[in-house]
file run-v7.cif (mmCIF, C-alpha atoms)
data_upload
loop_
_atom_site.label_atom_id
_atom_site.label_comp_id
_atom_site.auth_asym_id
_atom_site.auth_seq_id
_atom_site.Cartn_x
_atom_site.Cartn_y
_atom_site.Cartn_z
CA MET A 297 21.79 192.04 27.54
CA ALA A 298 19.23 189.78 25.87
CA GLU A 299 20.14 187.04 28.32
CA LYS A 300 19.59 189.36 31.28
CA GLN A 301 16.24 190.48 29.84
CA LYS A 302 15.14 186.85 29.46
CA ARG A 303 16.11 185.97 33.02
CA TYR A 304 14.27 189.02 34.26
CA GLU A 305 11.09 188.29 32.33
CA ALA A 306 11.10 184.74 33.67
CA LEU A 307 11.40 186.05 37.23
CA VAL A 308 8.53 188.49 36.74
CA HIS A 309 6.27 185.83 35.26
CA VAL A 310 7.03 183.24 37.91
CA TYR A 311 6.83 185.43 41.03
CA HIS A 312 4.67 188.52 40.37
CA LYS A 313 1.39 187.01 41.57
CA GLU A 314 2.76 185.54 44.78
CA LEU A 315 4.69 188.73 45.55
CA TYR A 316 1.63 190.88 44.90
CA ARG A 317 -0.43 188.76 47.30
CA PHE A 318 2.29 188.84 49.91
CA ALA A 319 2.55 192.63 49.52
CA TYR A 320 -1.20 192.94 49.78
CA TRP A 321 -1.35 191.03 53.05
CA LEU A 322 1.51 193.10 54.45
CA SER A 323 -0.02 196.43 53.47
CA ARG A 324 -3.70 195.51 53.14
CA ASP A 325 -4.00 198.04 50.34
CA PRO A 326 -4.15 196.83 46.73
CA HIS A 327 -2.61 200.06 45.43
CA VAL A 328 0.26 199.99 47.88
CA ALA A 329 0.76 196.30 47.04
CA GLU A 330 1.06 197.13 43.36
CA ASP A 331 3.53 199.95 44.06
CA LEU A 332 5.59 197.63 46.24
CA VAL A 333 5.76 194.90 43.61
CA GLN A 334 6.67 197.40 40.86
CA GLU A 335 9.45 198.87 42.98
CA THR A 336 10.70 195.42 44.01
CA PHE A 337 11.06 194.25 40.43
CA LEU A 338 12.66 197.52 39.33
CA ARG A 339 15.30 197.11 42.02
CA ALA A 340 15.65 193.45 41.12
CA TRP A 341 16.39 194.44 37.52
CA ARG A 342 19.03 196.93 38.58
CA SER A 343 20.88 194.39 40.70
CA LEU A 344 20.07 191.24 38.76
CA ASP A 345 23.77 190.52 38.27
CA SER A 346 24.11 189.96 42.00
CA LEU A 347 21.65 187.05 41.83
CA LEU A 348 24.04 184.27 40.99
CA ASP A 349 21.90 181.28 41.84
CA GLN A 350 18.47 181.27 40.20
CA LYS A 351 17.20 179.00 42.99
CA ALA A 352 17.79 181.80 45.48
CA ALA A 353 15.50 184.14 43.52
CA LYS A 354 12.48 183.84 45.79
CA PRO A 355 14.15 184.74 49.11
CA TRP A 356 16.13 187.44 47.27
CA LEU A 357 12.96 189.07 45.89
CA LEU A 358 11.26 188.77 49.27
CA THR A 359 14.16 190.50 50.96
CA ILE A 360 13.90 193.39 48.48
CA LEU A 361 10.15 193.62 48.96
CA ARG A 362 10.37 193.62 52.75
CA ARG A 363 13.02 196.35 52.60
CA GLU A 364 10.77 198.42 50.31
CA ASN A 365 7.89 197.94 52.70
CA ALA A 366 10.04 199.13 55.60
CA ARG A 367 11.07 202.20 53.55
CA ARG A 368 7.40 202.96 53.06
CA PHE A 369 7.02 203.34 56.82
CA GLU A 370 10.15 205.49 57.07
CA ARG A 371 8.79 207.76 54.34
CA LYS A 372 5.37 207.83 55.93
CA GLN A 373 6.86 208.86 59.23
CA PHE A 374 8.84 211.59 57.53
CA ASP A 375 5.94 212.82 55.43
CA TYR A 376 3.58 212.92 58.35
CA SER A 377 6.01 214.52 60.77
CA ASP A 378 4.37 217.95 60.63
CA VAL A 379 0.81 216.71 60.76
CA GLU A 380 -1.24 216.46 63.92
CA ASN A 381 -1.53 212.90 65.14
CA ASP A 382 -5.28 212.90 65.20
CA THR A 383 -5.44 213.14 61.43
CA LEU A 384 -3.66 209.81 61.11
CA VAL A 385 -6.61 207.60 62.01
CA ASP A 386 -6.61 204.61 59.68
CA GLU A 387 -10.03 204.70 58.13
CA THR A 388 -9.12 202.85 54.96
CA SER A 389 -8.90 199.41 56.56
CA THR A 390 -12.61 199.12 57.07
CA SER A 391 -13.39 199.99 53.47
CA LEU A 392 -10.72 197.61 52.21
CA ASP A 393 -12.08 194.87 54.46
CA ASP A 394 -15.32 195.13 52.61
CA THR A 395 -13.82 194.69 49.18
CA MET A 396 -10.85 192.37 49.68
CA GLU A 397 -11.22 190.54 52.96
CA GLN A 398 -14.62 189.06 52.69
CA THR A 399 -14.34 185.77 54.54
CA VAL A 400 -14.00 185.20 58.25
CA VAL A 401 -10.58 183.61 57.93
CA GLN A 402 -9.30 186.45 55.73
CA ARG A 403 -10.27 188.94 58.39
CA HIS A 404 -8.57 186.83 61.03
CA ILE A 405 -5.37 186.59 58.99
CA ALA A 406 -5.38 190.36 58.61
CA GLN A 407 -5.76 190.74 62.36
CA LEU A 408 -2.86 188.47 63.33
CA SER A 409 0.01 190.37 64.89
CA ASP A 410 2.94 190.96 62.51
CA GLU A 411 5.26 188.52 64.25
CA TYR A 412 2.80 185.69 63.52
CA LYS A 413 1.37 187.00 60.28
CA GLU A 414 4.62 187.37 58.38
CA PRO A 415 5.97 183.82 58.87
CA LEU A 416 2.52 182.42 58.10
CA LEU A 417 2.23 184.44 54.87
CA LEU A 418 5.72 183.43 53.80
CA GLN A 419 4.66 179.84 54.28
CA VAL A 420 1.14 179.95 52.85
CA VAL A 421 1.43 182.60 50.14
CA MET A 422 5.05 182.13 49.10
CA GLY A 423 5.42 178.41 49.83
CA CYS A 424 8.62 178.96 51.86
CA SER A 425 9.99 176.23 54.12
CA GLY A 426 10.71 176.81 57.80
CA GLU A 427 14.38 177.18 57.02
CA GLU A 428 13.78 179.75 54.25
CA ILE A 429 11.49 181.76 56.52
CA ALA A 430 14.14 181.73 59.24
CA ASN A 431 16.71 183.09 56.77
CA ILE A 432 14.44 185.78 55.35
CA LEU A 433 13.27 187.01 58.74
CA ASP A 434 16.66 186.52 60.35
CA LEU A 435 15.25 184.36 63.13
CA ASN A 436 16.24 180.92 64.29
CA LYS A 437 14.23 178.03 62.96
CA ASN A 438 12.72 177.06 66.31
CA THR A 439 11.31 180.56 66.76
CA VAL A 440 9.81 180.38 63.28
CA MET A 441 8.21 176.99 64.01
CA THR A 442 6.74 178.28 67.27
CA ARG A 443 5.29 181.33 65.53
CA LEU A 444 3.83 179.24 62.72
CA TYR A 445 2.29 176.91 65.29
CA ARG A 446 0.74 179.80 67.20
CA ALA A 447 -0.49 181.57 64.06
CA ARG A 448 -2.23 178.46 62.77
CA ASN A 449 -3.64 177.65 66.19
CA GLN A 450 -5.06 181.16 66.55
CA LEU A 451 -6.76 180.87 63.18
CA LYS A 452 -8.19 177.45 63.97
CA GLU A 453 -9.52 178.66 67.31
CA ALA A 454 -11.00 181.79 65.80
CA LEU A 455 -12.72 179.72 63.14
CA SER A 456 -14.16 177.20 65.57
CA ARG A 457 -15.41 180.08 67.78
CA ASN A 458 -17.06 181.52 64.74
CA ASP A 459 -18.64 178.16 63.87
CA GLU A 460 -20.03 177.88 67.38
CA GLN A 461 -21.47 181.37 67.17
CA LEU A 462 -23.12 180.49 63.88
CA LYS A 463 -24.54 177.29 65.34
CA GLY A 464 -25.74 179.22 68.40
CA ALA A 465 -27.38 181.81 66.20
CA SER A 466 -29.23 179.23 64.13
CA LYS A 467 -30.67 177.44 67.17
CA MET B 155 9.28 162.10 69.49
CA ASP B 156 6.21 162.27 71.70
CA GLU B 157 2.60 163.01 70.88
CA LEU B 158 2.90 166.71 71.80
CA GLU B 159 5.94 167.34 69.64
CA PHE B 160 4.33 165.46 66.75
CA ARG B 161 1.23 167.66 66.94
CA ARG B 162 3.19 170.88 67.25
CA ARG B 163 5.27 170.01 64.24
CA ILE B 164 2.32 169.00 62.08
CA ILE B 165 0.35 172.11 63.02
CA ALA B 166 3.33 174.38 62.30
CA GLN B 167 4.28 172.65 59.08
CA PRO B 168 1.56 170.29 57.81
CA ASN B 169 3.68 169.20 54.88
CA ASP B 170 6.60 168.17 57.05
CA LYS B 171 7.93 165.09 55.28
CA SER B 172 10.77 164.33 57.71
CA THR B 173 11.35 160.68 58.34
CA ASP B 174 10.91 160.93 62.12
CA VAL B 175 7.43 162.41 61.65
CA SER B 176 6.32 159.82 59.08
CA GLU B 177 7.83 157.07 61.17
CA PHE B 178 5.87 158.25 64.22
CA ALA B 179 2.57 158.42 62.30
CA LYS B 180 3.02 155.14 60.46
CA ASP B 181 0.56 152.40 61.49
CA ASN B 182 -1.40 154.85 63.62
CA ALA B 183 -4.78 155.80 62.15
CA GLU B 184 -5.38 158.64 64.56
CA ARG B 185 -2.07 160.37 63.80
CA GLN B 186 -2.60 159.84 60.07
CA TYR B 187 -6.02 161.41 60.41
CA PHE B 188 -4.49 164.40 62.23
CA ILE B 189 -1.97 164.89 59.41
CA ASP B 190 -4.75 164.76 56.80
CA GLU B 191 -6.84 167.20 58.78
CA MET B 192 -3.98 169.72 59.09
CA ARG B 193 -3.11 169.41 55.41
CA GLU B 194 -6.71 170.09 54.54
CA PHE B 195 -6.64 173.19 56.74
CA ASP B 196 -3.42 174.24 55.03
CA LYS B 197 -5.04 173.88 51.61
CA PHE B 198 -7.99 175.92 52.87
CA LEU B 199 -5.66 178.72 54.05
CA GLN B 200 -3.79 178.67 50.75
CA ASP B 201 -7.06 179.25 48.90
CA GLU B 202 -8.12 182.00 51.29
CA VAL B 203 -4.99 184.10 50.78
CA LYS B 204 -5.36 184.03 47.00
CA ILE B 205 -6.81 187.50 46.62
CA PRO B 206 -7.29 188.64 43.00
CA VAL B 207 -4.17 189.96 41.23
CA PRO B 208 -4.59 192.99 38.90
CA GLU B 209 -4.88 192.04 35.25
CA ASN B 210 -1.74 192.40 33.16
CA LEU B 211 0.41 193.01 36.23
CA ALA B 212 3.39 191.17 34.71
CA GLU B 213 3.24 193.25 31.52
CA SER B 214 2.87 196.43 33.51
CA ILE B 215 5.96 195.53 35.61
CA LEU B 216 8.05 194.84 32.50
CA LEU B 217 6.94 198.08 30.87
CA ASN B 218 7.56 200.10 34.01
CA THR B 219 11.06 198.68 34.30
CA SER B 220 11.96 199.44 30.70
CA LEU B 221 10.59 203.00 30.90
CA LYS B 222 12.41 203.77 34.15
CA GLU B 223 15.59 202.19 32.83
CA LYS B 224 15.43 204.27 29.67
CA ALA B 225 14.87 207.43 31.67
CA GLN B 226 17.85 206.62 33.87
CA GLN B 227 20.09 205.92 30.87
CA GLU B 228 19.12 209.21 29.26
CA GLU B 229 19.90 211.01 32.47
CA GLN B 230 23.30 209.33 32.65
CA ILE B 231 24.11 210.16 29.04
CA GLY B 232 23.19 213.77 29.77
CA SER B 233 25.46 214.03 32.80
CA ASN B 234 28.34 212.28 31.01
CA LYS B 235 28.17 214.84 28.25
CA VAL B 236 28.51 217.64 30.76
CA VAL B 237 31.57 216.01 32.31
CA ASP B 238 33.18 215.43 28.90
CA ALA B 239 32.54 218.96 27.84
CA ARG B 240 34.02 220.39 31.03
CA SER B 241 37.25 218.49 30.68
CA ARG B 242 37.64 219.62 27.08
CA PHE B 243 36.98 223.24 28.01
CA LYS B 244 39.85 223.13 30.45
CA LEU B 245 42.19 222.17 27.67
CA ASP B 246 41.28 224.74 25.15
CA ARG B 247 40.11 228.28 25.78
CA VAL B 248 39.39 229.00 22.14
CA HIS B 249 36.98 226.10 22.03
CA LEU B 250 35.47 227.33 25.25
CA SER B 251 34.55 230.70 23.80
CA LEU B 252 33.27 229.08 20.60
CA ALA B 253 31.13 226.70 22.62
CA ALA B 254 29.83 229.58 24.74
CA SER B 255 28.67 231.54 21.72
CA PHE B 256 27.12 228.38 20.32
CA VAL B 257 25.17 227.93 23.55
CA VAL B 258 24.01 231.54 23.40
CA ALA B 259 22.82 231.07 19.81
CA ILE B 260 20.97 227.89 20.63
CA SER B 261 19.30 229.40 23.70
CA ALA B 262 18.24 232.45 21.73
CA PHE B 263 16.69 230.16 19.13
CA PHE B 264 14.77 228.13 21.72
CA PHE B 265 13.72 231.25 23.55
CA SER B 266 12.18 232.66 20.39
CA VAL B 267 10.19 229.54 19.57
CA GLU B 268 9.37 228.56 23.15
CA HIS B 269 5.81 229.81 23.22
CA ASN B 270 4.93 227.55 20.27
CA LYS B 271 6.35 224.44 21.83
CA ILE B 272 4.29 221.62 23.27
CA ASN B 273 4.72 221.62 26.99
CA PRO B 274 7.03 218.69 27.88
CA ALA B 275 4.88 218.08 30.96
CA GLY B 276 1.92 217.61 28.62
CA GLU B 277 3.88 215.24 26.45
CA HIS B 278 5.01 213.26 29.47
CA ALA B 279 1.43 213.17 30.81
CA LEU B 280 0.14 211.78 27.49
CA ALA B 281 2.87 209.12 27.43
CA HIS B 282 1.91 208.20 30.98
CA VAL B 283 -1.76 207.83 30.05
CA TYR B 284 -0.87 205.54 27.13
CA TYR B 285 1.50 203.58 29.32
CA GLU B 286 -1.32 202.77 31.73
CA ILE B 287 -4.08 202.80 29.16
CA ASN B 288 -5.84 199.80 30.74
CA ALA B 289 -6.38 201.82 33.90
CA LEU B 290 -8.96 203.88 31.97
CA ASP B 291 -11.18 200.78 31.80
CA LYS B 292 -11.39 200.37 35.56
CA SER B 293 -14.87 200.97 36.88
CA GLU B 294 -14.79 199.97 40.54
CA PRO B 295 -15.03 203.14 42.63
CA ILE B 296 -12.30 203.96 45.13
CA SER B 297 -13.38 205.82 48.24
CA LEU B 298 -12.49 209.48 48.54
CA GLN B 299 -10.87 208.62 51.88
CA THR B 300 -8.38 206.33 50.11
CA VAL B 301 -7.61 209.08 47.59
CA ASN B 302 -7.19 211.61 50.38
CA ASP B 303 -4.87 209.32 52.34
CA LYS B 304 -2.56 209.38 49.35
CA LEU B 305 -3.03 213.04 48.54
CA ALA B 306 -2.28 213.90 52.17
CA LEU B 307 1.29 212.75 51.53
CA LEU B 308 1.55 215.55 48.95
CA GLY B 309 -0.12 217.95 51.37
CA GLY B 310 -3.54 218.20 49.78
CA GLN B 311 -7.14 217.17 50.13
CA ILE B 312 -10.02 216.76 47.72
CA ASP B 313 -13.58 217.55 48.77
CA GLU B 314 -15.18 215.89 45.78
CA LEU B 315 -14.45 215.16 42.17
CA PRO B 316 -16.93 215.44 39.30
CA GLY B 317 -17.30 211.63 39.16
CA ASN B 318 -16.27 208.40 40.91
CA VAL B 319 -12.54 207.85 41.27
CA THR B 320 -11.55 204.49 39.77
CA TYR B 321 -7.76 204.72 39.98
CA ALA B 322 -5.41 206.31 42.50
CA MET B 323 -1.71 205.48 42.37
CA PHE B 324 1.48 207.30 43.16
CA CYS B 325 3.54 207.78 40.07
CA ASP B 326 6.91 209.05 39.05
CA PHE B 327 6.36 212.21 37.05
CA GLU B 328 9.81 212.84 35.55
CA GLY B 329 11.52 212.32 38.88
CA GLU B 330 8.83 213.99 40.93
CA LYS B 331 6.46 211.91 43.05
CA GLY B 332 2.94 212.62 41.91
CA LEU B 333 -0.55 211.23 42.27
CA HIS B 334 -2.25 209.68 39.23
CA LEU B 335 -6.04 209.72 39.46
CA ILE B 336 -8.74 208.62 37.06
CA PHE B 337 -12.37 209.56 37.55
CA GLU B 338 -15.51 208.83 35.58
CA SER B 339 -16.96 211.94 33.98
CA ASP B 340 -20.00 212.38 31.74
CA PHE B 341 -17.48 212.48 28.90
CA GLY B 342 -15.69 209.24 29.70
CA PRO B 343 -12.76 208.57 32.04
CA MET B 344 -10.54 211.57 32.78
CA THR B 345 -7.02 211.47 34.14
CA VAL B 346 -5.56 213.90 36.66
CA PHE B 347 -1.90 214.12 37.61
CA ILE B 348 -1.13 216.09 40.74
CA VAL B 349 2.57 216.92 40.97
CA PRO B 350 4.20 219.15 43.62
CA SER B 351 5.40 222.39 41.98
CA GLN B 352 9.12 221.75 41.86
CA ASN B 353 9.14 220.43 38.37
CA LYS B 354 10.63 222.96 36.00
CA MET B 355 9.22 221.32 32.92
CA PHE B 356 5.75 222.62 33.73
CA GLU B 357 7.02 226.13 33.11
CA ILE B 358 7.80 225.65 29.45
CA GLY B 359 5.34 226.06 26.60
CA SER B 360 1.59 226.26 26.30
CA ASP B 361 -0.87 225.13 28.96
CA GLU B 362 -2.92 223.20 26.46
CA PHE B 363 -1.94 220.15 24.51
CA HIS B 364 -3.52 217.33 22.53
CA ASP B 365 -2.87 214.44 20.20
CA ASP B 366 -5.33 212.62 17.97
CA ARG B 367 -7.04 210.88 20.90
CA PHE B 368 -6.70 212.98 24.04
CA GLU B 369 -6.50 216.59 25.02
CA GLY B 370 -5.30 218.11 28.20
CA HIS B 371 -4.77 221.21 30.26
CA ILE B 372 -1.98 222.11 32.66
CA ASN B 373 -2.80 224.14 35.70
CA LYS B 374 0.19 225.66 37.46
CA GLY B 375 -0.43 226.20 41.14
CA PRO B 376 1.70 227.45 44.02
CA GLN B 377 1.75 224.12 45.88
CA ALA B 378 1.25 221.69 43.02
CA ASP B 379 0.68 221.58 39.30
CA THR B 380 -2.21 219.55 37.97
CA VAL B 381 -2.66 218.07 34.54
CA LEU B 382 -6.12 217.04 33.37
CA ILE B 383 -6.42 214.75 30.36
CA ALA B 384 -9.69 213.83 28.70
CA SER B 385 -10.86 212.37 25.41
CA LEU B 386 -10.60 214.77 22.47
CA GLY B 387 -13.69 216.99 22.31
CA ALA B 388 -14.55 216.85 26.03
CA PRO B 389 -15.00 220.20 27.83
CA VAL B 390 -11.54 220.09 29.37
CA ASN B 391 -11.53 223.66 30.69
CA MET B 392 -14.77 223.20 32.59
CA TYR B 393 -13.51 220.03 34.25
CA ASN B 394 -10.13 221.61 34.86
CA ASP B 395 -11.83 224.38 36.86
CA LYS B 396 -13.94 221.88 38.79
CA VAL B 397 -10.96 219.70 39.67
CA ASN B 398 -8.71 222.55 40.69
CA SER B 399 -11.30 224.20 42.86
CA ALA B 400 -11.93 220.86 44.59
CA ILE B 401 -8.32 220.47 45.75
CA ARG B 402 -7.40 222.17 48.98
CA TRP B 403 -3.85 222.51 50.26
CA LEU B 404 -2.97 222.17 53.89
#
call {"tool": "encode", "arguments": {"input": "run-v7.cif", "output": "structure tokens"}}
result
Amino acid sequence: MAEKQKRYEALVHVYHKELYRFAYWLSRDPHVAEDLVQETFLRAWRSLDSLLDQKAAKPWLLTILRRENARRFERKQFDYSDVENDTLVDETSTSLDDTMEQTVVQRHIAQLSDEYKEPLLLQVVMGCSGEEIANILDLNKNTVMTRLYRARNQLKEALSRNDEQLKGASK
Amino acid sequence: MDELEFRRRIIAQPNDKSTDVSEFAKDNAERQYFIDEMREFDKFLQDEVKIPVPENLAESILLNTSLKEKAQQEEQIGSNKVVDARSRFKLDRVHLSLAASFVVAISAFFFSVEHNKINPAGEHALAHVYYEINALDKSEPISLQTVNDKLALLGGQIDELPGNVTYAMFCDFEGEKGLHLIFESDFGPMTVFIVPSQNKMFEIGSDEFHDDRFEGHINKGPQADTVLIASLGAPVNMYNDKVNSAIRWL
């Protein structure tokens, strides 16, 4: 029991920050991100015995977190099923943009489509290799590399457009 | 490898250390420069995604896990006892009748003292406040829209609260999904738990409770029960009325 507790504490200390950030960028809500990370680690504790290789901890935790995030949407759909659609306008994003996503590039990351955003976040936030990303997202490695290439290219282009606008404005 | 493939690979994975890539860039200043440039961009992105992480998150995760685990164990122990008891009853009818009269005696005893008991919902609410005691120090306001987005999942809406909301999280209130809010009042931070009315423990005992630091009031409603907790000495009843009249149910 003490051994399990020690392993668990080590996992929490090593991965909680990265997972929180990953959860934040997925949900773009600091409260949801915290809920997701709490739930992920609780589930990790309950099935810690199934994690045989400590080196596989990161992809294992990410898989749990992504599943939790998907559940959130299932629940949301269920909870909202009786509500008129027009009450579902997402008005929180703008207010969150103001507090959390203050730089141009942060806003651009947030605006990337999910298929590009998720591989990029796995790479930049979680430090995953192309192969690890392919395993976690259940894609082949070439697809992952193409998406990473496009995600980074989109960000670079958006940033240089922004630079030009700034230069134009200062003329 | 050609120039195009080299660039695609370095853009996609700036820290690609494969031998074919390094071989291709070796002795070529322009390609080396491109690698450096992409690595710099990568570093820049890594810094940009580092949004602030809540203080004490690791401790809060460990505490949450141990509390939930304990609750689950207690639940299991409870259900095991029932199973054990049932199988014994089958074996022995004399014991069954003895046990039945014992249960009647115990229930009669609890029934007679029930009105003096601390409400278990109050006790749970206090434990919850202590468990997330750091949340009371938060001062950054959360928009009412964010609060309402969460409350909408429980079927409610708040027009206004008597102070800025600084904390809004879903919580597990003894197995029931509830909303945990903290707002700033003139008498310090106050906590509100909003829990859909399916939780039987709200029905037991007095509506008021306190310990040596906090006091609280339970408001039983048709759609949800609310618990307000404030520092000892604050006008809890006044705030309780304000909070409950501010919540509307859809």
call {"tool": "atom_distance", "arguments": {"input": "run-v7.cif", "atom1": "atom CA of A:Val400", "atom2": "atom CA of A:Lys413"}}
result
15.6 Å
call {"tool": "residues_around", "arguments": {"input": "run-v7.cif", "residues": "B:Pro208", "least_positions_apart": "6", "cutoff": "10 Å", "atoms": "only C-alpha atoms", "output": "PyMOL selection string"}}
result
(chain A and resi 313+316+326-327+330) or (chain B and resi 214)
call {"tool": "closest_residue", "arguments": {"input": "run-v7.cif", "among": "A:Phe369, A:Phe337, A:Trp356, A:Tyr412", "to": "chain B", "atoms": "only C-alpha atoms"}}
result
A:Phe337
call {"tool": "interface_residues", "arguments": {"input": "run-v7.cif", "of": "chain A", "to": "chain B", "cutoff": "9 Å", "atoms": "all atoms listed in the file", "output": "JSON, numbers by chain"}}
result
{"A": [304, 305, 308, 309, 312, 313, 314, 316, 317, 318, 320, 321, 326, 327, 328, 330, 331, 333, 334, 335, 337, 338, 339, 341, 342, 372, 375, 376, 384, 386, 387, 388, 391, 396, 397, 399, 401, 402, 405, 417, 419, 420, 421, 425, 426, 440, 441, 442, 443, 444, 445, 446, 447, 448, 449, 452]}
call {"tool": "atom_distance", "arguments": {"input": "run-v7.cif", "atom1": "atom CA of A:Leu307", "atom2": "atom CA of B:Glu328"}}
result
26.9 Å
call {"tool": "closest_residue", "arguments": {"input": "run-v7.cif", "among": "B:Met344, B:Leu315, B:Ala275, B:Leu382", "to": "B:Asp291", "atoms": "only C-alpha atoms"}}
result
B:Met344
call {"tool": "decode", "arguments": {"input": "run-v7.cif", "residues": "stretch 208-222 of chain B", "atoms": "N, CA, C and O atoms", "output": "PDB file, in the first residue's frame"}}
result
ATOM      1  N   PRO B 208      -2.761  26.477 -11.004  1.00  0.00           N
ATOM      2  CA  PRO B 208      -3.235  26.870  -9.661  1.00  0.00           C
ATOM      3  C   PRO B 208      -2.240  26.439  -8.571  1.00  0.00           C
ATOM      4  O   PRO B 208      -1.658  25.366  -8.671  1.00  0.00           O
ATOM      5  N   GLU B 209      -2.114  27.298  -7.583  1.00  0.00           N
ATOM      6  CA  GLU B 209      -1.209  26.971  -6.473  1.00  0.00           C
ATOM      7  C   GLU B 209      -1.680  25.714  -5.753  1.00  0.00           C
ATOM      8  O   GLU B 209      -2.877  25.474  -5.637  1.00  0.00           O
ATOM      9  N   ASN B 210      -0.757  24.962  -5.257  1.00  0.00           N
ATOM     10  CA  ASN B 210      -1.053  23.753  -4.473  1.00  0.00           C
ATOM     11  C   ASN B 210      -1.905  22.723  -5.209  1.00  0.00           C
ATOM     12  O   ASN B 210      -2.649  21.969  -4.582  1.00  0.00           O
ATOM     13  N   LEU B 211      -1.828  22.717  -6.535  1.00  0.00           N
ATOM     14  CA  LEU B 211      -2.655  21.762  -7.282  1.00  0.00           C
ATOM     15  C   LEU B 211      -2.287  20.314  -6.925  1.00  0.00           C
ATOM     16  O   LEU B 211      -3.175  19.484  -6.720  1.00  0.00           O
ATOM     17  N   ALA B 212      -0.986  20.037  -6.801  1.00  0.00           N
ATOM     18  CA  ALA B 212      -0.573  18.664  -6.496  1.00  0.00           C
ATOM     19  C   ALA B 212      -1.148  18.216  -5.150  1.00  0.00           C
ATOM     20  O   ALA B 212      -1.715  17.119  -5.040  1.00  0.00           O
ATOM     21  N   GLU B 213      -1.057  19.087  -4.147  1.00  0.00           N
ATOM     22  CA  GLU B 213      -1.576  18.739  -2.814  1.00  0.00           C
ATOM     23  C   GLU B 213      -3.079  18.520  -2.882  1.00  0.00           C
ATOM     24  O   GLU B 213      -3.619  17.602  -2.260  1.00  0.00           O
ATOM     25  N   SER B 214      -3.738  19.394  -3.641  1.00  0.00           N
ATOM     26  CA  SER B 214      -5.192  19.287  -3.723  1.00  0.00           C
ATOM     27  C   SER B 214      -5.598  17.969  -4.414  1.00  0.00           C
ATOM     28  O   SER B 214      -6.579  17.326  -4.025  1.00  0.00           O
ATOM     29  N   ILE B 215      -4.807  17.541  -5.415  1.00  0.00           N
ATOM     30  CA  ILE B 215      -5.102  16.268  -6.101  1.00  0.00           C
ATOM     31  C   ILE B 215      -4.945  15.107  -5.114  1.00  0.00           C
ATOM     32  O   ILE B 215      -5.816  14.231  -5.009  1.00  0.00           O
ATOM     33  N   LEU B 216      -3.850  15.131  -4.347  1.00  0.00           N
ATOM     34  CA  LEU B 216      -3.592  14.024  -3.416  1.00  0.00           C
ATOM     35  C   LEU B 216      -4.672  13.951  -2.341  1.00  0.00           C
ATOM     36  O   LEU B 216      -5.146  12.868  -1.983  1.00  0.00           O
ATOM     37  N   LEU B 217      -5.088  15.125  -1.874  1.00  0.00           N
ATOM     38  CA  LEU B 217      -6.123  15.163  -0.836  1.00  0.00           C
ATOM     39  C   LEU B 217      -7.461  14.667  -1.382  1.00  0.00           C
ATOM     40  O   LEU B 217      -8.155  13.863  -0.753  1.00  0.00           O
ATOM     41  N   ASN B 218      -7.785  15.150  -2.578  1.00  0.00           N
ATOM     42  CA  ASN B 218      -9.032  14.744  -3.221  1.00  0.00           C
ATOM     43  C   ASN B 218      -9.079  13.225  -3.386  1.00  0.00           C
ATOM     44  O   ASN B 218     -10.083  12.583  -3.079  1.00  0.00           O
ATOM     45  N   THR B 219      -7.959  12.661  -3.839  1.00  0.00           N
ATOM     46  CA  THR B 219      -7.919  11.216  -4.047  1.00  0.00           C
ATOM     47  C   THR B 219      -8.135  10.489  -2.727  1.00  0.00           C
ATOM     48  O   THR B 219      -8.933   9.550  -2.650  1.00  0.00           O
ATOM     49  N   SER B 220      -7.452  10.945  -1.664  1.00  0.00           N
ATOM     50  CA  SER B 220      -7.585  10.179  -0.416  1.00  0.00           C
ATOM     51  C   SER B 220      -8.986  10.319   0.173  1.00  0.00           C
ATOM     52  O   SER B 220      -9.536   9.367   0.716  1.00  0.00           O
ATOM     53  N   LEU B 221      -9.608  11.507   0.010  1.00  0.00           N
ATOM     54  CA  LEU B 221     -10.978  11.669   0.520  1.00  0.00           C
ATOM     55  C   LEU B 221     -11.968  10.785  -0.236  1.00  0.00           C
ATOM     56  O   LEU B 221     -12.807  10.103   0.354  1.00  0.00           O
ATOM     57  N   LYS B 222     -11.844  10.803  -1.565  1.00  0.00           N
ATOM     58  CA  LYS B 222     -12.769  10.014  -2.392  1.00  0.00           C
ATOM     59  C   LYS B 222     -12.573   8.518  -2.129  1.00  0.00           C
ATOM     60  O   LYS B 222     -13.527   7.748  -2.088  1.00  0.00           O
TER      61      LYS B 222
END
